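Structure data follow from run.txt (compact mmCIF, C-alpha atoms and all ligand atoms):
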# COMPACT_ATOMS: atom_id res chain seq x y z
CA PRO A 95 47.80 -64.15 30.06
CA LEU A 96 49.61 -63.59 26.79
CA VAL A 97 50.74 -66.95 25.40
CA SER A 98 52.34 -68.05 22.16
CA THR A 99 50.16 -68.89 19.19
CA GLY A 100 51.98 -72.21 18.87
CA ASP A 101 50.80 -73.17 22.37
CA ILE A 102 47.14 -72.52 21.54
CA VAL A 103 47.23 -74.19 18.13
CA GLY A 104 49.32 -77.11 19.43
CA GLY A 105 46.91 -77.61 22.33
CA ALA A 106 43.96 -77.70 19.91
CA VAL A 107 45.73 -80.26 17.70
CA ALA A 108 46.46 -82.46 20.73
CA ARG A 109 42.78 -82.38 21.76
CA ARG A 110 41.55 -82.72 18.16
CA ARG A 111 39.56 -79.51 18.54
CA GLY A 112 39.45 -76.26 16.66
CA CYS A 113 40.76 -72.98 17.98
CA GLY A 114 39.11 -69.65 17.32
CA ALA A 115 41.10 -66.80 15.76
CA PHE A 116 38.99 -63.64 15.70
CA ASN A 117 39.78 -60.43 13.84
CA ALA A 118 39.57 -57.17 15.77
CA ILE A 119 39.10 -53.75 14.24
CA GLN A 120 39.12 -51.51 17.31
CA LEU A 121 39.27 -51.67 21.07
CA GLU A 122 35.63 -52.76 21.47
CA HIS A 123 36.33 -55.86 19.34
CA LEU A 124 39.47 -56.70 21.32
CA THR A 125 37.65 -56.46 24.65
CA ALA A 126 34.64 -58.39 23.37
CA ILE A 127 36.74 -61.25 21.98
CA VAL A 128 38.55 -61.65 25.30
CA ASP A 129 35.26 -61.38 27.24
CA GLY A 130 33.75 -64.09 25.01
CA ALA A 131 36.75 -66.38 25.48
CA GLU A 132 36.62 -65.91 29.24
CA ALA A 133 32.91 -66.74 29.23
CA ALA A 134 33.65 -69.90 27.21
CA ASP A 135 36.71 -70.63 29.38
CA ALA A 136 38.68 -71.21 26.18
CA PRO A 137 41.96 -69.94 24.79
CA VAL A 138 41.67 -67.53 21.90
CA ILE A 139 43.77 -65.89 19.18
CA LEU A 140 43.35 -62.13 18.71
CA GLN A 141 44.12 -61.12 15.14
CA LEU A 142 44.82 -57.76 13.52
CA SER A 143 44.95 -57.76 9.74
CA GLN A 144 47.23 -55.55 7.69
CA ASN A 145 44.03 -53.86 6.48
CA ALA A 146 42.95 -53.08 10.05
CA VAL A 147 46.41 -51.68 10.79
CA ARG A 148 46.17 -49.50 7.67
CA TYR A 149 42.81 -48.21 8.91
CA HIS A 150 44.46 -47.05 12.14
CA GLY A 151 47.48 -45.68 10.29
CA ALA A 152 49.98 -47.53 12.47
CA LEU A 153 50.43 -50.86 14.27
CA ALA A 154 51.61 -49.72 17.69
CA PRO A 155 48.40 -48.16 19.14
CA VAL A 156 46.02 -51.00 18.24
CA GLY A 157 48.71 -53.71 18.50
CA GLY A 158 49.72 -52.47 21.94
CA ALA A 159 46.07 -52.58 23.01
CA ALA A 160 45.76 -56.17 21.79
CA LEU A 161 48.86 -57.21 23.74
CA ALA A 162 47.61 -55.43 26.87
CA GLU A 163 44.19 -57.14 26.60
CA ALA A 164 45.96 -60.49 26.23
CA ARG A 165 48.21 -59.95 29.27
CA ALA A 166 45.22 -59.01 31.44
CA ALA A 167 42.97 -61.87 30.24
CA GLY A 168 41.79 -64.69 32.49
CA VAL A 169 42.30 -67.25 29.69
CA PRO A 170 45.31 -67.87 27.39
CA VAL A 171 45.33 -65.30 24.58
CA ALA A 172 47.75 -65.08 21.63
CA VAL A 173 48.21 -62.03 19.38
CA HIS A 174 48.59 -62.57 15.62
CA LEU A 175 49.19 -60.34 12.58
CA ASP A 176 46.80 -61.50 9.83
CA HIS A 177 47.17 -61.25 6.03
CA ALA A 178 50.45 -59.34 6.06
CA GLU A 179 51.86 -58.62 2.63
CA SER A 180 54.30 -56.00 3.93
CA ARG A 181 57.56 -57.41 5.31
CA GLU A 182 58.11 -54.12 7.13
CA LEU A 183 54.83 -54.67 9.00
CA VAL A 184 55.92 -58.22 9.85
CA ARG A 185 59.12 -56.83 11.41
CA GLU A 186 57.13 -54.24 13.38
CA ALA A 187 54.80 -56.92 14.75
CA VAL A 188 57.75 -59.08 15.77
CA ASP A 189 59.39 -56.10 17.52
CA LEU A 190 56.15 -55.23 19.31
CA GLY A 191 55.81 -58.73 20.78
CA PHE A 192 53.24 -60.46 18.56
CA GLY A 193 53.37 -64.25 18.88
CA SER A 194 52.71 -64.98 15.23
CA VAL A 195 52.20 -63.61 11.77
CA MET A 196 50.43 -64.76 8.66
CA PHE A 197 52.42 -63.86 5.57
CA ASP A 198 50.00 -63.75 2.64
CA GLY A 199 51.79 -64.52 -0.61
CA SER A 200 48.72 -66.25 -2.02
CA THR A 201 48.42 -63.90 -4.98
CA LEU A 202 52.01 -64.65 -6.05
CA ASP A 203 52.79 -67.54 -8.35
CA TYR A 204 53.91 -70.74 -6.62
CA GLU A 205 57.68 -70.19 -6.83
CA ALA A 206 57.49 -66.53 -5.77
CA ASN A 207 55.18 -67.46 -2.87
CA VAL A 208 57.68 -70.12 -1.73
CA ARG A 209 60.63 -67.71 -1.92
CA ALA A 210 58.92 -64.84 -0.09
CA THR A 211 57.33 -67.09 2.53
CA ARG A 212 60.61 -68.90 3.23
CA GLU A 213 62.39 -65.60 3.91
CA VAL A 214 59.64 -64.36 6.23
CA ALA A 215 59.54 -67.73 8.04
CA LYS A 216 63.30 -67.63 8.63
CA TYR A 217 63.13 -64.07 9.99
CA CYS A 218 60.22 -64.93 12.29
CA HIS A 219 61.73 -68.19 13.53
CA ASP A 220 65.01 -66.40 14.31
CA HIS A 221 62.89 -64.18 16.57
CA GLY A 222 60.82 -66.97 18.13
CA VAL A 223 57.66 -66.10 16.20
CA TRP A 224 55.21 -68.65 14.71
CA VAL A 225 54.33 -68.32 11.02
CA GLU A 226 51.26 -69.08 8.91
CA ALA A 227 51.20 -68.85 5.12
CA GLU A 228 48.59 -69.39 2.42
CA LEU A 229 48.56 -71.56 -0.65
CA GLY A 230 45.66 -71.64 -3.12
CA GLU A 231 44.13 -68.22 -2.78
CA VAL A 232 40.97 -68.05 -0.60
CA GLY A 233 38.92 -65.45 -2.50
CA GLY A 234 36.77 -62.56 -1.35
CA LYS A 235 39.45 -60.23 0.04
CA ASP A 236 38.88 -57.86 -2.87
CA GLY A 237 35.11 -58.37 -2.82
CA VAL A 238 35.29 -61.01 -5.55
CA HIS A 239 34.19 -64.37 -4.17
CA ALA A 240 36.01 -67.40 -5.53
CA PRO A 241 34.67 -70.37 -3.59
CA GLY A 242 35.94 -72.66 -6.37
CA ALA A 243 39.62 -72.21 -5.47
CA ARG A 244 41.22 -75.41 -4.16
CA THR A 245 44.61 -76.22 -2.63
CA ASP A 246 46.29 -79.35 -4.00
CA PRO A 247 47.43 -81.68 -1.14
CA GLY A 248 50.69 -82.71 -2.85
CA GLU A 249 51.61 -79.11 -3.63
CA ALA A 250 50.69 -78.11 -0.07
CA ALA A 251 53.04 -80.73 1.41
CA LYS A 252 55.84 -79.54 -0.87
CA PHE A 253 55.12 -75.89 0.02
CA VAL A 254 55.38 -76.59 3.75
CA ALA A 255 58.62 -78.56 3.30
CA ASN A 256 60.14 -75.78 1.17
CA THR A 257 59.11 -72.85 3.38
CA GLY A 258 59.24 -74.27 6.93
CA VAL A 259 55.97 -72.60 7.97
CA ASP A 260 54.18 -73.63 11.17
CA ALA A 261 50.63 -73.66 9.75
CA LEU A 262 49.00 -73.48 6.34
CA ALA A 263 45.88 -71.63 5.18
CA VAL A 264 44.17 -73.65 2.45
CA ALA A 265 41.37 -73.10 -0.07
CA VAL A 266 38.61 -75.66 0.55
CA GLY A 267 35.38 -73.89 -0.48
CA SER A 268 35.17 -70.83 1.75
CA SER A 269 35.54 -67.22 0.63
CA HIS A 270 36.27 -64.08 2.65
CA ALA A 271 33.64 -61.60 3.81
CA MET A 272 30.50 -63.64 3.02
CA LEU A 273 27.32 -62.21 4.55
CA THR A 274 25.45 -65.51 4.34
CA ARG A 275 26.62 -68.69 6.02
CA ASP A 276 26.09 -71.08 3.13
CA ALA A 277 29.61 -71.82 1.84
CA ALA A 278 29.92 -75.48 0.85
CA LEU A 279 33.17 -76.84 2.28
CA ASP A 280 34.97 -79.77 0.66
CA PHE A 281 35.38 -82.03 3.71
CA GLU A 282 37.11 -84.77 1.70
CA LEU A 283 39.73 -82.28 0.58
CA ILE A 284 40.22 -81.09 4.19
CA ALA A 285 40.83 -84.71 5.22
CA ALA A 286 43.25 -85.23 2.31
CA LEU A 287 45.14 -82.04 3.17
CA HIS A 288 45.23 -83.05 6.84
CA ALA A 289 46.74 -86.40 5.85
CA ALA A 290 49.29 -84.87 3.46
CA VAL A 291 50.41 -81.78 5.38
CA PRO A 292 52.47 -82.13 8.58
CA VAL A 293 51.43 -78.75 10.09
CA PRO A 294 48.03 -77.52 11.37
CA LEU A 295 45.56 -76.27 8.75
CA VAL A 296 43.87 -72.87 8.85
CA LEU A 297 40.38 -72.05 7.57
CA HIS A 298 39.95 -68.51 6.23
CA GLY A 299 36.65 -66.95 5.29
CA SER A 300 34.92 -68.87 8.08
CA SER A 301 32.07 -66.36 8.41
CA GLY A 302 30.54 -67.94 5.31
CA VAL A 303 30.38 -71.34 6.97
CA SER A 304 27.44 -72.65 9.06
CA ASP A 305 27.93 -74.00 12.59
CA GLU A 306 27.61 -77.54 11.21
CA GLY A 307 30.18 -76.73 8.54
CA LEU A 308 32.63 -75.38 11.13
CA ALA A 309 32.24 -78.46 13.33
CA GLY A 310 32.60 -80.71 10.24
CA ALA A 311 35.74 -78.88 9.15
CA VAL A 312 37.33 -79.39 12.57
CA ALA A 313 36.31 -83.06 12.56
CA ALA A 314 37.93 -83.45 9.12
CA GLY A 315 41.23 -81.96 10.35
CA MET A 316 41.02 -78.16 10.32
CA THR A 317 42.54 -76.50 13.42
CA LYS A 318 42.78 -72.69 13.36
CA VAL A 319 39.49 -71.09 12.33
CA ASN A 320 39.63 -67.40 11.32
CA ILE A 321 36.46 -65.40 11.85
CA ALA A 322 36.03 -61.69 11.03
CA THR A 323 32.90 -60.72 9.09
CA GLN A 324 30.50 -62.59 11.38
CA LEU A 325 31.64 -60.45 14.33
CA ASN A 326 31.23 -57.26 12.28
CA LYS A 327 27.71 -58.31 11.30
CA VAL A 328 26.76 -58.89 14.91
CA PHE A 329 28.48 -55.68 16.08
CA THR A 330 26.81 -53.47 13.48
CA ALA A 331 23.36 -54.99 14.01
CA ALA A 332 23.49 -54.43 17.77
CA ALA A 333 25.01 -50.95 17.51
CA THR A 334 22.54 -49.71 14.90
CA ASP A 335 19.56 -51.21 16.81
CA ASP A 336 20.68 -49.35 19.90
CA TRP A 337 21.20 -46.11 18.00
CA ARG A 338 17.77 -46.35 16.31
CA GLU A 339 16.09 -46.91 19.67
CA HIS A 340 17.77 -43.86 21.20
CA PRO A 341 18.73 -41.44 18.42
CA GLU A 342 18.89 -38.59 20.93
CA ARG A 343 21.90 -40.06 22.73
CA VAL A 344 25.19 -38.69 21.48
CA ASP A 345 27.59 -40.67 23.64
CA PRO A 346 29.13 -43.35 21.36
CA ARG A 347 29.67 -45.59 24.39
CA ARG A 348 25.97 -46.49 24.27
CA TYR A 349 25.94 -48.06 20.82
CA LEU A 350 29.58 -49.15 20.83
CA GLY A 351 28.89 -50.87 24.14
CA ALA A 352 25.85 -52.63 22.64
CA GLY A 353 28.02 -53.83 19.75
CA ARG A 354 30.75 -54.99 22.11
CA ALA A 355 28.32 -56.98 24.26
CA ALA A 356 26.84 -58.70 21.20
CA VAL A 357 30.28 -59.67 19.87
CA ALA A 358 31.23 -61.20 23.23
CA VAL A 359 28.10 -63.40 23.14
CA GLU A 360 28.86 -64.49 19.55
CA VAL A 361 32.51 -65.29 20.32
CA ARG A 362 31.45 -67.43 23.25
CA ARG A 363 28.93 -69.25 21.04
CA LEU A 364 31.41 -69.84 18.19
CA LEU A 365 34.11 -71.11 20.57
CA GLY A 366 31.56 -73.64 21.81
CA VAL A 367 31.03 -74.83 18.23
CA LEU A 368 34.79 -75.14 17.58
CA MET A 369 35.42 -77.05 20.81
CA LEU A 370 32.83 -79.74 20.06
CA GLY A 371 34.80 -82.93 19.71
O1 LIG E 401 41.76 -63.86 8.01
C1 LIG E 401 40.57 -63.66 8.36
C2 LIG E 401 39.52 -64.56 7.97
O2 LIG E 401 39.84 -65.31 6.89
C3 LIG E 401 38.16 -63.96 8.07
O3 LIG E 401 37.25 -64.24 7.03
O4 LIG E 401 35.68 -62.34 7.30
O5 LIG E 401 35.05 -64.33 6.02
O6 LIG E 401 35.29 -64.47 8.48
P1 LIG E 401 35.73 -63.82 7.23
ZN ZN E 402 41.66 -64.55 5.81
Encoded form using structure tokens:
Amino acid sequence: PLVSTGDIVGGAVARRRGCGAFNAIQLEHLTAIVDGAEAADAPVILQLSQNAVRYHGALAPVGGAALAEARAAGVPVAVHLDHAESRELVREAVDLGFGSVMFDGSTLDYEANVRATREVAKYCHDHGVWVEAELGEVGGKDGVHAPGARTDPGEAAKFVANTGVDALAVAVGSSHAMLTRDAALDFELIAALHAAVPVPLVLHGSSGVSDEGLAGAVAAGMTKVNIATQLNKVFTAAATDDWREHPERVDPRRYLGAGRAAVAVEVRRLLGVLMLG
């Protein structure tokens, strides 16, 4: 069933576990993420980024599919708008029935990020929607990796108090869209942020982190773990293998189906890593 993001994240905090938030690009990803969560018997957060919405040209077709997948799922599934910079898109997601949004003001200076995030948080809370924001830019979104970025715990606590957000994405050594899983996380900083910040922490750029790193991050106090690139790697490898084996087949369902099956297996595996406690 479709549940609120706050329920899934709150449940993970209570059990001192991580929760998986996986980015979908198209229907095969959405189905695979839900299949993987059902196989793991774990709740899951389905995410659509503003970039993915731009790829489709509109939110409603792919967002409606995500909500339908969630409602039909055999495990609790929440639907989240990821890395939104457009307030118009935030409003559309709220109207469509998304349970949460991440407003990404991380490229703004501190005061501008506080002002913009506070406004979005008020709008979302007035509509019963959970809000994540980011402080201390996690690099890599533009292809430029910046694993050296760090969020200051004192500033993070102040940011949360001044904006009223429900969760905070922090920079602790990861970077978006890494193709190797060798990011070195700063576990001491995660623990310091966990102690200083009263809301759940979110790890972005998690595809660059090893299984041990993910488990260590959760043990140190990270809760929501966002994973995108790793699923795309697995999808593309399986789809291209299938296509190379049978280049004469023209029905995309063959190779898309191979990609979908591989993503479901990887989601199940990653949820197992995040639930270790
Ligand atoms: O918001 C999405 C995540 O931060 C995904 O990052 O592609 O490096 O896994 P990733
Ligand atoms: Zn991210």
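All residues of protein, DNA or RNA that reach within 12 Å of region 235-237 of chain A, judged by all atoms listed in the file and not counting those fewer than 6 positions away in the chain, are Ser143, Gln144, Asn145, His177, Asp198, Ser200, Thr201, Ser268, Ser269, His270, Ala271, Met272, Leu273, His298, Gly299, Ala322 and Thr323 of chain A.
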Taking a cut-off of 10 Å and counting all atoms listed in the file, can you build a table that, for each residue of region 108-205 of chain A near region 359-371 of chain A, reports the nearest atom pair and how far apart they are in Å (one decimal), sorted by chain then residue number, as a tab-separated table?
residue	atom	partner	partner_atom	distance
A:Arg109	CA	A:Gly371	CA	8.3
A:Arg110	CA	A:Gly371	CA	6.9
A:Arg111	CA	A:Met369	CA	5.3
A:Gly112	CA	A:Leu368	CA	4.9
A:Cys113	CA	A:Leu368	CA	6.4
A:Gly114	CA	A:Leu365	CA	6.1
A:Ala115	CA	A:Leu365	CA	9.5
A:Phe116	CA	A:Val361	CA	8.1
A:Ala126	CA	A:Val361	CA	7.8
A:Ile127	CA	A:Val361	CA	6.1
A:Val128	CA	A:Val361	CA	8.6
A:Asp129	CA	A:Arg362	CA	8.2
A:Gly130	CA	A:Arg362	CA	4.4
A:Ala131	CA	A:Arg362	CA	5.8
A:Glu132	CA	A:Arg362	CA	8.1
A:Ala133	CA	A:Arg362	CA	6.2
A:Ala134	CA	A:Arg362	CA	5.2
A:Asp135	CA	A:Arg362	CA	8.7
A:Ala136	CA	A:Leu365	CA	7.2
A:Pro137	CA	A:Leu365	CA	9.0
A:Val138	CA	A:Leu365	CA	8.5
For this session: Please measure the separation of CA of Asn256 (chain A) and CA of Glu231 (chain A), giving the value in Å to one decimal.
Result: 18.1 Å
For this session: Could you check how far CA of Gln141 (chain A) sits from CA of Leu175 (chain A), in Å to one decimal?
Result: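 Separation between CA of Gln141 (chain A) and CA of Leu175 (chain A): 5.7 Å.
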For this session: Between A:Gly168, A:Gly248, A:Gly315, A:Gly100, single out the one closest to Ala285 (chain A), counting only C-alpha atoms.
Result: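 Once distances to Ala285 (chain A) are computed over only C-alpha atoms, the minimum belongs to A:Gly315.
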Problem set entry | Which of A:Val107, A:Val312, A:Leu121, A:Ala154 sits closest to Asp189 (chain A) [using all atoms listed in the file] |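 Closest residue, counting all atoms listed in the file: A:Ala154.
Restricting the calculation to all atoms listed in the file, the smallest distance between ligand ZN 402 (chain E) and any of A:Ala356, A:Val238, A:Val319, A:Ala160 is found for A:Val319.
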Problem set entry | Residues near region 281-283 of chain A, cut-off 12 Å, all atoms listed in the file, skip fewer than 4 positions along chain, as a PyMOL selection string | chain A and resi 243-248+250+264-268+277+287-291+295+297+306-316
Written selection (C-alpha atoms) as a JSON list (two decimals), in the frame of the given file:
[["chain", "number", "residue", "atom", "x", "y", "z"],
["A", 243, "ALA", "CA", 39.62, -72.21, -5.47],
["A", 244, "ARG", "CA", 41.22, -75.41, -4.16],
["A", 245, "THR", "CA", 44.61, -76.22, -2.63],
["A", 246, "ASP", "CA", 46.29, -79.35, -4.00],
["A", 247, "PRO", "CA", 47.43, -81.68, -1.14],
["A", 248, "GLY", "CA", 50.69, -82.71, -2.85],
["A", 250, "ALA", "CA", 50.69, -78.11, -0.07],
["A", 264, "VAL", "CA", 44.17, -73.65, 2.45],
["A", 265, "ALA", "CA", 41.37, -73.10, -0.07],
["A", 266, "VAL", "CA", 38.61, -75.66, 0.55],
["A", 267, "GLY", "CA", 35.38, -73.89, -0.48],
["A", 268, "SER", "CA", 35.17, -70.83, 1.75],
["A", 277, "ALA", "CA", 29.61, -71.82, 1.84],
["A", 287, "LEU", "CA", 45.14, -82.04, 3.17],
["A", 288, "HIS", "CA", 45.23, -83.05, 6.84],
["A", 289, "ALA", "CA", 46.74, -86.40, 5.85],
["A", 290, "ALA", "CA", 49.29, -84.87, 3.46],
["A", 291, "VAL", "CA", 50.41, -81.78, 5.38],
["A", 295, "LEU", "CA", 45.56, -76.27, 8.75],
["A", 297, "LEU", "CA", 40.38, -72.05, 7.57],
["A", 306, "GLU", "CA", 27.61, -77.54, 11.21],
["A", 307, "GLY", "CA", 30.18, -76.73, 8.54],
["A", 308, "LEU", "CA", 32.63, -75.38, 11.13],
["A", 309, "ALA", "CA", 32.24, -78.46, 13.33],
["A", 310, "GLY", "CA", 32.60, -80.71, 10.24],
["A", 311, "ALA", "CA", 35.74, -78.88, 9.15],
["A", 312, "VAL", "CA", 37.33, -79.39, 12.57],
["A", 313, "ALA", "CA", 36.31, -83.06, 12.56],
["A", 314, "ALA", "CA", 37.93, -83.45, 9.12],
["A", 315, "GLY", "CA", 41.23, -81.96, 10.35],
["A", 316, "MET", "CA", 41.02, -78.16, 10.32]]
Problem set entry | Point-to-point distance in Å for CA of Leu161 (chain A) and CA of Lys318 (chain A) |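 Rounded to one decimal, the two atoms are 19.6 Å apart.
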For this session: For each of A:Ala206, A:Val254, A:Leu124, A:Val296, take the minimum atom-to-atom distance to ligand LIG 401 (chain E), counting all atoms listed in the file, then give the residue where this is smallest.
Result: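 Smallest distance to ligand LIG 401 (chain E) is found for A:Val296.
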Exercise. With all atoms listed in the file as the atoms that count, which of A:Asp101, A:Asp260, A:Asp176, A:Glu163 lies nearest to ligand ZN 402 (chain E)?
Worked result: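 Smallest separation from ligand ZN 402 (chain E) among the options: A:Asp176.
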Exercise. Which is closer to Glu179 (chain A) than all the others in A:Leu153, A:Ala352, A:Val214, A:Ala167, using only C-alpha atoms?
Worked result: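 Selected residue with least distance to Glu179 (chain A): A:Val214.
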Exercise. Can you tell me, as a list in words, what residues are no more than 8 Å from Val225 (chain A) when counting only C-alpha atoms, ignoring any on the same chain fewer than 5 positions away?
Worked result: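 Listed by chain and then number, they are Ser194, Val195, Met196, Phe197, Ala215, Cys218, His219, Val259, Asp260 and Ala261 of chain A.
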Problem set entry | Non-local contacts of Leu190 (chain A) (10 Å; all atoms listed in the file; under 3 positions in same chain excluded) as a PyMOL selection string | chain A and resi 153-154+157-158+161+184-187+193
To test the calculation: enclose all listed atoms of region 148-167 of chain A in a box whose edges run along x, y and z, add 6 Å on each side, then state centre and edge lengths in Å to one decimal, as JSON.
{"center_x": 47.2, "center_y": -53.8, "center_z": 19.6, "size_x": 20.8, "size_y": 28.2, "size_z": 35.8}
Problem set entry | Who sits within 7 Å of Val328 (chain A), all atoms listed in the file, same chain under 4 positions skipped, as a ChimeraX atom specification | /A:324,332,356-357
Atoms are missing here; could region 333-348 of chain A be completed with N, CA and C atoms and written as a PDB file, in the frame of the given file?
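Listing of selection-v9.pdb after writing:
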ATOM      1  N   ALA A 333      24.745 -52.380  17.351  1.00  0.00           N
ATOM      2  CA  ALA A 333      25.010 -50.950  17.510  1.00  0.00           C
ATOM      3  C   ALA A 333      23.937 -50.115  16.819  1.00  0.00           C
ATOM      4  N   THR A 334      23.540 -50.512  15.619  1.00  0.00           N
ATOM      5  CA  THR A 334      22.540 -49.710  14.900  1.00  0.00           C
ATOM      6  C   THR A 334      21.160 -49.862  15.555  1.00  0.00           C
ATOM      7  N   ASP A 335      20.833 -51.044  16.071  1.00  0.00           N
ATOM      8  CA  ASP A 335      19.560 -51.210  16.810  1.00  0.00           C
ATOM      9  C   ASP A 335      19.524 -50.246  17.981  1.00  0.00           C
ATOM     10  N   ASP A 336      20.622 -50.209  18.724  1.00  0.00           N
ATOM     11  CA  ASP A 336      20.680 -49.350  19.900  1.00  0.00           C
ATOM     12  C   ASP A 336      20.535 -47.877  19.504  1.00  0.00           C
ATOM     13  N   TRP A 337      21.230 -47.515  18.444  1.00  0.00           N
ATOM     14  CA  TRP A 337      21.200 -46.110  18.000  1.00  0.00           C
ATOM     15  C   TRP A 337      19.796 -45.729  17.504  1.00  0.00           C
ATOM     16  N   ARG A 338      19.128 -46.660  16.804  1.00  0.00           N
ATOM     17  CA  ARG A 338      17.770 -46.350  16.310  1.00  0.00           C
ATOM     18  C   ARG A 338      16.788 -46.204  17.461  1.00  0.00           C
ATOM     19  N   GLU A 339      16.993 -46.998  18.511  1.00  0.00           N
ATOM     20  CA  GLU A 339      16.090 -46.910  19.670  1.00  0.00           C
ATOM     21  C   GLU A 339      16.267 -45.593  20.424  1.00  0.00           C
ATOM     22  N   HIS A 340      17.483 -45.074  20.418  1.00  0.00           N
ATOM     23  CA  HIS A 340      17.770 -43.860  21.200  1.00  0.00           C
ATOM     24  C   HIS A 340      18.563 -42.866  20.363  1.00  0.00           C
ATOM     25  N   PRO A 341      17.962 -42.331  19.294  1.00  0.00           N
ATOM     26  CA  PRO A 341      18.730 -41.440  18.420  1.00  0.00           C
ATOM     27  C   PRO A 341      19.152 -40.143  19.105  1.00  0.00           C
ATOM     28  N   GLU A 342      18.550 -39.835  20.244  1.00  0.00           N
ATOM     29  CA  GLU A 342      18.890 -38.590  20.930  1.00  0.00           C
ATOM     30  C   GLU A 342      20.197 -38.686  21.728  1.00  0.00           C
ATOM     31  N   ARG A 343      20.672 -39.909  21.956  1.00  0.00           N
ATOM     32  CA  ARG A 343      21.900 -40.060  22.730  1.00  0.00           C
ATOM     33  C   ARG A 343      23.111 -39.784  21.832  1.00  0.00           C
ATOM     34  N   VAL A 344      24.020 -38.993  22.315  1.00  0.00           N
ATOM     35  CA  VAL A 344      25.190 -38.690  21.480  1.00  0.00           C
ATOM     36  C   VAL A 344      26.467 -39.372  21.970  1.00  0.00           C
ATOM     37  N   ASP A 345      26.388 -40.021  23.109  1.00  0.00           N
ATOM     38  CA  ASP A 345      27.590 -40.670  23.640  1.00  0.00           C
ATOM     39  C   ASP A 345      27.811 -41.994  22.902  1.00  0.00           C
ATOM     40  N   PRO A 346      28.902 -42.119  22.136  1.00  0.00           N
ATOM     41  CA  PRO A 346      29.130 -43.350  21.360  1.00  0.00           C
ATOM     42  C   PRO A 346      29.238 -44.599  22.239  1.00  0.00           C
ATOM     43  N   ARG A 347      29.530 -44.411  23.532  1.00  0.00           N
ATOM     44  CA  ARG A 347      29.670 -45.590  24.390  1.00  0.00           C
ATOM     45  C   ARG A 347      28.394 -46.398  24.480  1.00  0.00           C
ATOM     46  N   ARG A 348      27.238 -45.742  24.237  1.00  0.00           N
ATOM     47  CA  ARG A 348      25.970 -46.490  24.270  1.00  0.00           C
ATOM     48  C   ARG A 348      25.943 -47.548  23.169  1.00  0.00           C
TER      49      ARG A 348
END
